[in-house]
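Just model_19.pdb here, PDB, N, CA and C atoms, pLDDT in the B column:
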ATOM      1  N   MET K  11     -47.383 -27.095   2.649  1.00 63.00           N
ATOM      2  CA  MET K  11     -46.128 -26.368   2.686  1.00 63.00           C
ATOM      3  C   MET K  11     -46.199 -25.328   3.795  1.00 63.00           C
ATOM      4  N   GLY K  12     -45.155 -25.249   4.580  1.00 78.00           N
ATOM      5  CA  GLY K  12     -45.145 -24.357   5.727  1.00 78.00           C
ATOM      6  C   GLY K  12     -44.360 -23.084   5.486  1.00 78.00           C
ATOM      7  N   ILE K  13     -44.262 -22.329   6.534  1.00 81.00           N
ATOM      8  CA  ILE K  13     -43.524 -21.076   6.503  1.00 81.00           C
ATOM      9  C   ILE K  13     -42.051 -21.355   6.817  1.00 81.00           C
ATOM     10  N   PRO K  14     -41.131 -20.735   6.093  1.00 88.00           N
ATOM     11  CA  PRO K  14     -39.711 -20.915   6.413  1.00 88.00           C
ATOM     12  C   PRO K  14     -39.388 -20.306   7.783  1.00 88.00           C
ATOM     13  N   GLN K  15     -38.419 -20.895   8.481  1.00 90.00           N
ATOM     14  CA  GLN K  15     -38.075 -20.412   9.814  1.00 90.00           C
ATOM     15  C   GLN K  15     -37.642 -18.947   9.778  1.00 90.00           C
ATOM     16  N   GLN K  16     -36.910 -18.530   8.744  1.00 92.00           N
ATOM     17  CA  GLN K  16     -36.461 -17.141   8.646  1.00 92.00           C
ATOM     18  C   GLN K  16     -37.663 -16.199   8.568  1.00 92.00           C
ATOM     19  N   ALA K  17     -38.683 -16.589   7.816  1.00 88.00           N
ATOM     20  CA  ALA K  17     -39.886 -15.763   7.706  1.00 88.00           C
ATOM     21  C   ALA K  17     -40.609 -15.707   9.052  1.00 88.00           C
ATOM     22  N   LEU K  18     -40.621 -16.826   9.776  1.00 86.00           N
ATOM     23  CA  LEU K  18     -41.244 -16.842  11.098  1.00 86.00           C
ATOM     24  C   LEU K  18     -40.487 -15.913  12.040  1.00 86.00           C
ATOM     25  N   GLN K  19     -39.148 -15.919  11.959  1.00 92.00           N
ATOM     26  CA  GLN K  19     -38.351 -15.020  12.801  1.00 92.00           C
ATOM     27  C   GLN K  19     -38.661 -13.565  12.478  1.00 92.00           C
ATOM     28  N   GLU K  20     -38.767 -13.245  11.199  1.00 90.00           N
ATOM     29  CA  GLU K  20     -39.095 -11.880  10.797  1.00 90.00           C
ATOM     30  C   GLU K  20     -40.482 -11.488  11.307  1.00 90.00           C
ATOM     31  N   PHE K  21     -41.417 -12.422  11.223  1.00 84.00           N
ATOM     32  CA  PHE K  21     -42.769 -12.175  11.717  1.00 84.00           C
ATOM     33  C   PHE K  21     -42.763 -11.965  13.226  1.00 84.00           C
ATOM     34  N   PHE K  22     -41.985 -12.789  13.935  1.00 87.00           N
ATOM     35  CA  PHE K  22     -41.858 -12.634  15.387  1.00 87.00           C
ATOM     36  C   PHE K  22     -41.335 -11.239  15.706  1.00 87.00           C
ATOM     37  N   ASN K  23     -40.348 -10.780  14.955  1.00 91.00           N
ATOM     38  CA  ASN K  23     -39.785  -9.454  15.189  1.00 91.00           C
ATOM     39  C   ASN K  23     -40.829  -8.358  14.999  1.00 91.00           C
ATOM     40  N   VAL K  24     -41.736  -8.543  14.048  1.00 86.00           N
ATOM     41  CA  VAL K  24     -42.826  -7.580  13.837  1.00 86.00           C
ATOM     42  C   VAL K  24     -43.797  -7.622  15.015  1.00 86.00           C
ATOM     43  N   LEU K  25     -44.101  -8.821  15.497  1.00 84.00           N
ATOM     44  CA  LEU K  25     -45.015  -8.960  16.631  1.00 84.00           C
ATOM     45  C   LEU K  25     -44.442  -8.359  17.903  1.00 84.00           C
ATOM     46  N   ASP K  26     -43.136  -8.455  18.061  1.00 88.00           N
ATOM     47  CA  ASP K  26     -42.455  -7.981  19.269  1.00 88.00           C
ATOM     48  C   ASP K  26     -42.334  -6.452  19.202  1.00 88.00           C
ATOM     49  N   THR K  27     -43.444  -5.777  19.401  1.00 86.00           N
ATOM     50  CA  THR K  27     -43.490  -4.331  19.204  1.00 86.00           C
ATOM     51  C   THR K  27     -42.625  -3.559  20.190  1.00 86.00           C
ATOM     52  N   ASP K  28     -42.406  -4.097  21.387  1.00 88.00           N
ATOM     53  CA  ASP K  28     -41.550  -3.388  22.344  1.00 88.00           C
ATOM     54  C   ASP K  28     -40.098  -3.869  22.290  1.00 88.00           C
ATOM     55  N   LYS K  29     -39.804  -4.801  21.373  1.00 91.00           N
ATOM     56  CA  LYS K  29     -38.447  -5.290  21.100  1.00 91.00           C
ATOM     57  C   LYS K  29     -37.720  -5.823  22.336  1.00 91.00           C
ATOM     58  N   ASP K  30     -38.464  -6.552  23.180  1.00 92.00           N
ATOM     59  CA  ASP K  30     -37.850  -7.138  24.372  1.00 92.00           C
ATOM     60  C   ASP K  30     -37.470  -8.607  24.178  1.00 92.00           C
ATOM     61  N   GLY K  31     -37.622  -9.131  22.959  1.00 92.00           N
ATOM     62  CA  GLY K  31     -37.267 -10.519  22.682  1.00 92.00           C
ATOM     63  C   GLY K  31     -38.342 -11.506  23.048  1.00 92.00           C
ATOM     64  N   LYS K  32     -39.489 -11.013  23.479  1.00 89.00           N
ATOM     65  CA  LYS K  32     -40.629 -11.849  23.834  1.00 89.00           C
ATOM     66  C   LYS K  32     -41.875 -11.196  23.254  1.00 89.00           C
ATOM     67  N   VAL K  33     -42.870 -12.014  23.004  1.00 85.00           N
ATOM     68  CA  VAL K  33     -44.142 -11.499  22.517  1.00 85.00           C
ATOM     69  C   VAL K  33     -45.170 -11.731  23.606  1.00 85.00           C
ATOM     70  N   SER K  34     -45.752 -10.655  24.075  1.00 83.00           N
ATOM     71  CA  SER K  34     -46.776 -10.769  25.114  1.00 83.00           C
ATOM     72  C   SER K  34     -48.067 -11.298  24.509  1.00 83.00           C
ATOM     73  N   ILE K  35     -48.941 -11.731  25.366  1.00 75.00           N
ATOM     74  CA  ILE K  35     -50.240 -12.208  24.906  1.00 75.00           C
ATOM     75  C   ILE K  35     -50.949 -11.104  24.130  1.00 75.00           C
ATOM     76  N   GLN K  36     -50.848  -9.871  24.603  1.00 75.00           N
ATOM     77  CA  GLN K  36     -51.489  -8.758  23.917  1.00 75.00           C
ATOM     78  C   GLN K  36     -50.889  -8.554  22.525  1.00 75.00           C
ATOM     79  N   GLU K  37     -49.566  -8.624  22.415  1.00 78.00           N
ATOM     80  CA  GLU K  37     -48.921  -8.466  21.111  1.00 78.00           C
ATOM     81  C   GLU K  37     -49.318  -9.613  20.180  1.00 78.00           C
ATOM     82  N   LEU K  38     -49.383 -10.805  20.730  1.00 71.00           N
ATOM     83  CA  LEU K  38     -49.641 -11.991  19.923  1.00 71.00           C
ATOM     84  C   LEU K  38     -51.070 -12.070  19.426  1.00 71.00           C
ATOM     85  N   PHE K  39     -52.004 -12.026  20.339  1.00 68.00           N
ATOM     86  CA  PHE K  39     -53.387 -12.203  19.928  1.00 68.00           C
ATOM     87  C   PHE K  39     -53.983 -10.943  19.327  1.00 68.00           C
ATOM     88  N   GLY K  40     -53.277  -9.832  19.431  1.00 70.00           N
ATOM     89  CA  GLY K  40     -53.719  -8.610  18.776  1.00 70.00           C
ATOM     90  C   GLY K  40     -53.380  -8.586  17.308  1.00 70.00           C
ATOM     91  N   ASN K  41     -52.652  -9.583  16.813  1.00 70.00           N
ATOM     92  CA  ASN K  41     -52.243  -9.607  15.418  1.00 70.00           C
ATOM     93  C   ASN K  41     -52.955 -10.747  14.693  1.00 70.00           C
ATOM     94  N   PRO K  42     -53.910 -10.423  13.822  1.00 70.00           N
ATOM     95  CA  PRO K  42     -54.684 -11.464  13.144  1.00 70.00           C
ATOM     96  C   PRO K  42     -53.875 -12.277  12.143  1.00 70.00           C
ATOM     97  N   LEU K  43     -52.697 -11.821  11.752  1.00 69.00           N
ATOM     98  CA  LEU K  43     -51.889 -12.564  10.791  1.00 69.00           C
ATOM     99  C   LEU K  43     -51.334 -13.857  11.361  1.00 69.00           C
ATOM    100  N   LEU K  44     -51.250 -13.963  12.675  1.00 65.00           N
ATOM    101  CA  LEU K  44     -50.682 -15.157  13.296  1.00 65.00           C
ATOM    102  C   LEU K  44     -51.640 -16.341  13.259  1.00 65.00           C
ATOM    103  N   HIS K  45     -52.909 -16.099  13.324  1.00 66.00           N
ATOM    104  CA  HIS K  45     -53.889 -17.177  13.473  1.00 66.00           C
ATOM    105  C   HIS K  45     -53.784 -18.271  12.407  1.00 66.00           C
ATOM    106  N   PRO K  46     -53.593 -17.945  11.111  1.00 69.00           N
ATOM    107  CA  PRO K  46     -53.455 -19.031  10.131  1.00 69.00           C
ATOM    108  C   PRO K  46     -52.216 -19.893  10.347  1.00 69.00           C
ATOM    109  N   LEU K  47     -51.150 -19.330  10.902  1.00 66.00           N
ATOM    110  CA  LEU K  47     -49.932 -20.105  11.146  1.00 66.00           C
ATOM    111  C   LEU K  47     -50.133 -21.165  12.202  1.00 66.00           C
ATOM    112  N   LEU K  48     -51.047 -20.914  13.109  1.00 66.00           N
ATOM    113  CA  LEU K  48     -51.232 -21.816  14.240  1.00 66.00           C
ATOM    114  C   LEU K  48     -52.277 -22.883  13.977  1.00 66.00           C
ATOM    115  N   GLY K  49     -52.873 -22.856  12.810  1.00 66.00           N
ATOM    116  CA  GLY K  49     -53.836 -23.887  12.459  1.00 66.00           C
ATOM    117  C   GLY K  49     -54.943 -23.981  13.484  1.00 66.00           C
ATOM    118  N   GLY K  50     -55.249 -25.179  13.919  1.00 65.00           N
ATOM    119  CA  GLY K  50     -56.320 -25.395  14.872  1.00 65.00           C
ATOM    120  C   GLY K  50     -55.886 -25.404  16.319  1.00 65.00           C
ATOM    121  N   LEU K  51     -54.642 -25.011  16.597  1.00 62.00           N
ATOM    122  CA  LEU K  51     -54.190 -25.031  17.978  1.00 62.00           C
ATOM    123  C   LEU K  51     -54.938 -23.992  18.802  1.00 62.00           C
ATOM    124  N   THR K  52     -55.221 -24.348  20.022  1.00 61.00           N
ATOM    125  CA  THR K  52     -55.902 -23.418  20.925  1.00 61.00           C
ATOM    126  C   THR K  52     -54.879 -22.596  21.686  1.00 61.00           C
ATOM    127  N   GLY K  53     -55.326 -21.533  22.291  1.00 60.00           N
ATOM    128  CA  GLY K  53     -54.447 -20.712  23.106  1.00 60.00           C
ATOM    129  C   GLY K  53     -53.750 -21.510  24.185  1.00 60.00           C
ATOM    130  N   GLY K  54     -54.463 -22.454  24.791  1.00 60.00           N
ATOM    131  CA  GLY K  54     -53.869 -23.276  25.834  1.00 60.00           C
ATOM    132  C   GLY K  54     -52.751 -24.158  25.313  1.00 60.00           C
ATOM    133  N   GLU K  55     -52.932 -24.685  24.106  1.00 61.00           N
ATOM    134  CA  GLU K  55     -51.894 -25.525  23.514  1.00 61.00           C
ATOM    135  C   GLU K  55     -50.666 -24.702  23.142  1.00 61.00           C
ATOM    136  N   ILE K  56     -50.888 -23.479  22.703  1.00 61.00           N
ATOM    137  CA  ILE K  56     -49.792 -22.620  22.280  1.00 61.00           C
ATOM    138  C   ILE K  56     -48.981 -22.163  23.477  1.00 61.00           C
ATOM    139  N   PHE K  57     -49.665 -21.826  24.530  1.00 60.00           N
ATOM    140  CA  PHE K  57     -49.004 -21.180  25.659  1.00 60.00           C
ATOM    141  C   PHE K  57     -49.094 -21.993  26.936  1.00 60.00           C
ATOM    142  N   GLN K  58     -48.626 -23.206  26.894  1.00 62.00           N
ATOM    143  CA  GLN K  58     -48.674 -24.032  28.086  1.00 62.00           C
ATOM    144  C   GLN K  58     -47.858 -23.425  29.215  1.00 62.00           C
ATOM    145  N   ASN K  59     -46.808 -22.696  28.899  1.00 52.00           N
ATOM    146  CA  ASN K  59     -45.954 -22.105  29.928  1.00 52.00           C
ATOM    147  C   ASN K  59     -46.132 -20.605  30.062  1.00 52.00           C
ATOM    148  N   VAL K  60     -46.976 -19.997  29.257  1.00 62.00           N
ATOM    149  CA  VAL K  60     -47.049 -18.539  29.235  1.00 62.00           C
ATOM    150  C   VAL K  60     -47.640 -17.961  30.517  1.00 62.00           C
ATOM    151  N   GLU K  61     -48.401 -18.757  31.246  1.00 58.00           N
ATOM    152  CA  GLU K  61     -48.974 -18.261  32.492  1.00 58.00           C
ATOM    153  C   GLU K  61     -47.882 -17.845  33.467  1.00 58.00           C
ATOM    154  N   GLN K  62     -46.717 -18.441  33.349  1.00 66.00           N
ATOM    155  CA  GLN K  62     -45.619 -18.143  34.266  1.00 66.00           C
ATOM    156  C   GLN K  62     -45.055 -16.747  34.061  1.00 66.00           C
ATOM    157  N   ASN K  63     -44.943 -16.301  32.801  1.00 70.00           N
ATOM    158  CA  ASN K  63     -44.324 -15.001  32.563  1.00 70.00           C
ATOM    159  C   ASN K  63     -45.116 -14.072  31.647  1.00 70.00           C
ATOM    160  N   GLY K  64     -46.238 -14.519  31.126  1.00 74.00           N
ATOM    161  CA  GLY K  64     -47.098 -13.657  30.327  1.00 74.00           C
ATOM    162  C   GLY K  64     -46.613 -13.362  28.926  1.00 74.00           C
ATOM    163  N   SER K  65     -45.620 -14.122  28.456  1.00 82.00           N
ATOM    164  CA  SER K  65     -45.110 -13.879  27.105  1.00 82.00           C
ATOM    165  C   SER K  65     -44.582 -15.177  26.515  1.00 82.00           C
ATOM    166  N   VAL K  66     -44.210 -15.114  25.250  1.00 82.00           N
ATOM    167  CA  VAL K  66     -43.687 -16.284  24.552  1.00 82.00           C
ATOM    168  C   VAL K  66     -42.413 -15.875  23.823  1.00 82.00           C
ATOM    169  N   SER K  67     -41.409 -16.734  23.871  1.00 87.00           N
ATOM    170  CA  SER K  67     -40.158 -16.484  23.154  1.00 87.00           C
ATOM    171  C   SER K  67     -40.305 -16.965  21.711  1.00 87.00           C
ATOM    172  N   PHE K  68     -39.311 -16.639  20.882  1.00 89.00           N
ATOM    173  CA  PHE K  68     -39.332 -17.123  19.505  1.00 89.00           C
ATOM    174  C   PHE K  68     -39.342 -18.640  19.476  1.00 89.00           C
ATOM    175  N   GLU K  69     -38.530 -19.280  20.307  1.00 88.00           N
ATOM    176  CA  GLU K  69     -38.467 -20.741  20.320  1.00 88.00           C
ATOM    177  C   GLU K  69     -39.825 -21.354  20.673  1.00 88.00           C
ATOM    178  N   GLU K  70     -40.524 -20.760  21.628  1.00 83.00           N
ATOM    179  CA  GLU K  70     -41.849 -21.275  22.006  1.00 83.00           C
ATOM    180  C   GLU K  70     -42.842 -21.094  20.860  1.00 83.00           C
ATOM    181  N   LEU K  71     -42.771 -19.953  20.177  1.00 82.00           N
ATOM    182  CA  LEU K  71     -43.647 -19.723  19.027  1.00 82.00           C
ATOM    183  C   LEU K  71     -43.317 -20.715  17.919  1.00 82.00           C
ATOM    184  N   LYS K  72     -42.032 -20.921  17.663  1.00 86.00           N
ATOM    185  CA  LYS K  72     -41.603 -21.857  16.623  1.00 86.00           C
ATOM    186  C   LYS K  72     -42.116 -23.263  16.919  1.00 86.00           C
ATOM    187  N   GLN K  73     -42.021 -23.696  18.169  1.00 83.00           N
ATOM    188  CA  GLN K  73     -42.510 -25.024  18.543  1.00 83.00           C
ATOM    189  C   GLN K  73     -44.014 -25.142  18.300  1.00 83.00           C
ATOM    190  N   SER K  74     -44.760 -24.082  18.571  1.00 79.00           N
ATOM    191  CA  SER K  74     -46.203 -24.107  18.355  1.00 79.00           C
ATOM    192  C   SER K  74     -46.537 -24.188  16.875  1.00 79.00           C
ATOM    193  N   VAL K  75     -45.817 -23.426  16.050  1.00 81.00           N
ATOM    194  CA  VAL K  75     -46.057 -23.464  14.605  1.00 81.00           C
ATOM    195  C   VAL K  75     -45.661 -24.832  14.054  1.00 81.00           C
ATOM    196  N   GLU K  76     -44.575 -25.419  14.581  1.00 84.00           N
ATOM    197  CA  GLU K  76     -44.178 -26.781  14.182  1.00 84.00           C
ATOM    198  C   GLU K  76     -45.261 -27.782  14.558  1.00 84.00           C
ATOM    199  N   LYS K  77     -45.796 -27.651  15.760  1.00 81.00           N
ATOM    200  CA  LYS K  77     -46.829 -28.569  16.241  1.00 81.00           C
ATOM    201  C   LYS K  77     -48.071 -28.493  15.355  1.00 81.00           C
ATOM    202  N   ALA K  78     -48.360 -27.305  14.842  1.00 79.00           N
ATOM    203  CA  ALA K  78     -49.502 -27.126  13.953  1.00 79.00           C
ATOM    204  C   ALA K  78     -49.197 -27.634  12.547  1.00 79.00           C
ATOM    205  N   GLY K  79     -47.937 -28.024  12.308  1.00 82.00           N
ATOM    206  CA  GLY K  79     -47.555 -28.537  10.993  1.00 82.00           C
ATOM    207  C   GLY K  79     -47.361 -27.446   9.957  1.00 82.00           C
ATOM    208  N   ASN K  80     -47.073 -26.226  10.414  1.00 79.00           N
ATOM    209  CA  ASN K  80     -46.977 -25.110   9.483  1.00 79.00           C
ATOM    210  C   ASN K  80     -45.585 -24.510   9.379  1.00 79.00           C
ATOM    211  N   LEU K  81     -44.555 -25.220   9.825  1.00 83.00           N
ATOM    212  CA  LEU K  81     -43.185 -24.739   9.696  1.00 83.00           C
ATOM    213  C   LEU K  81     -42.476 -25.561   8.634  1.00 83.00           C
ATOM    214  N   GLU K  82     -41.900 -24.882   7.672  1.00 84.00           N
ATOM    215  CA  GLU K  82     -41.173 -25.560   6.599  1.00 84.00           C
ATOM    216  C   GLU K  82     -39.926 -26.221   7.176  1.00 84.00           C
ATOM    217  N   GLN K  83     -39.685 -27.435   6.775  1.00 73.00           N
ATOM    218  CA  GLN K  83     -38.508 -28.172   7.257  1.00 73.00           C
ATOM    219  C   GLN K  83     -37.329 -27.999   6.346  1.00 73.00           C
TER     220      GLN K  83
END

What do you get writing this file as structure tokens?
Amino acid sequence: MGIPQQALQEFFNVLDTDKDGKVSIQELFGNPLLHPLLGGLTGGEIFQNVEQNGSVSFEELKQSVEKAGNLEQ
């Protein structure tokens, strides 16, 4: 059983400490609560595009959690 999308959005909002609509690598990996949601995915798998802008949007985070099989449908 996965996390509901609404709960993931709320969690994203908590991670987004500067409230810019994106979560930086520092915001993301500085929060140990995220790691169980991502299962066995590696940083590279999560952030295939993050090198371009140094952050991840909610949609990118949602896709990663879905890929890990941890998003409730």

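As for atom N of K:Lys32 and atom C of K:Gln19, they are spaced 11.3 Å apart.
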
Can you list what the PyMOL selection byres (((chain K and resi 25 and name CA) around 10) and name CA) grabs from this structure, as number ranges by chain?
K: 19-24, 26-29, 31-34, 36-41, 43-44

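Computed from the coordinates, the atom N of K:Gln16 to atom N of K:Lys77 distance equals 14.5 Å.
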
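Atom CA of K:Glu70 is positioned 14.5 Å from atom C of K:Pro14.
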
Using all atoms of stretch 20-28 of chain K listed in the file and a margin of 6 Å per side, can you give the axis-aligned box centre and edge lengths in Å to one decimal, as AutoDock Vina command-line options?
--center_x -41.9 --center_y -8.3 --center_z 16.6 --size_x 18.2 --size_y 21.9 --size_z 23.5

I'd like to know which of K:Ile13, K:Val66, K:Ile35, K:Leu18 is closest to K:Glu82, using only C-alpha atoms.
K:Ile13
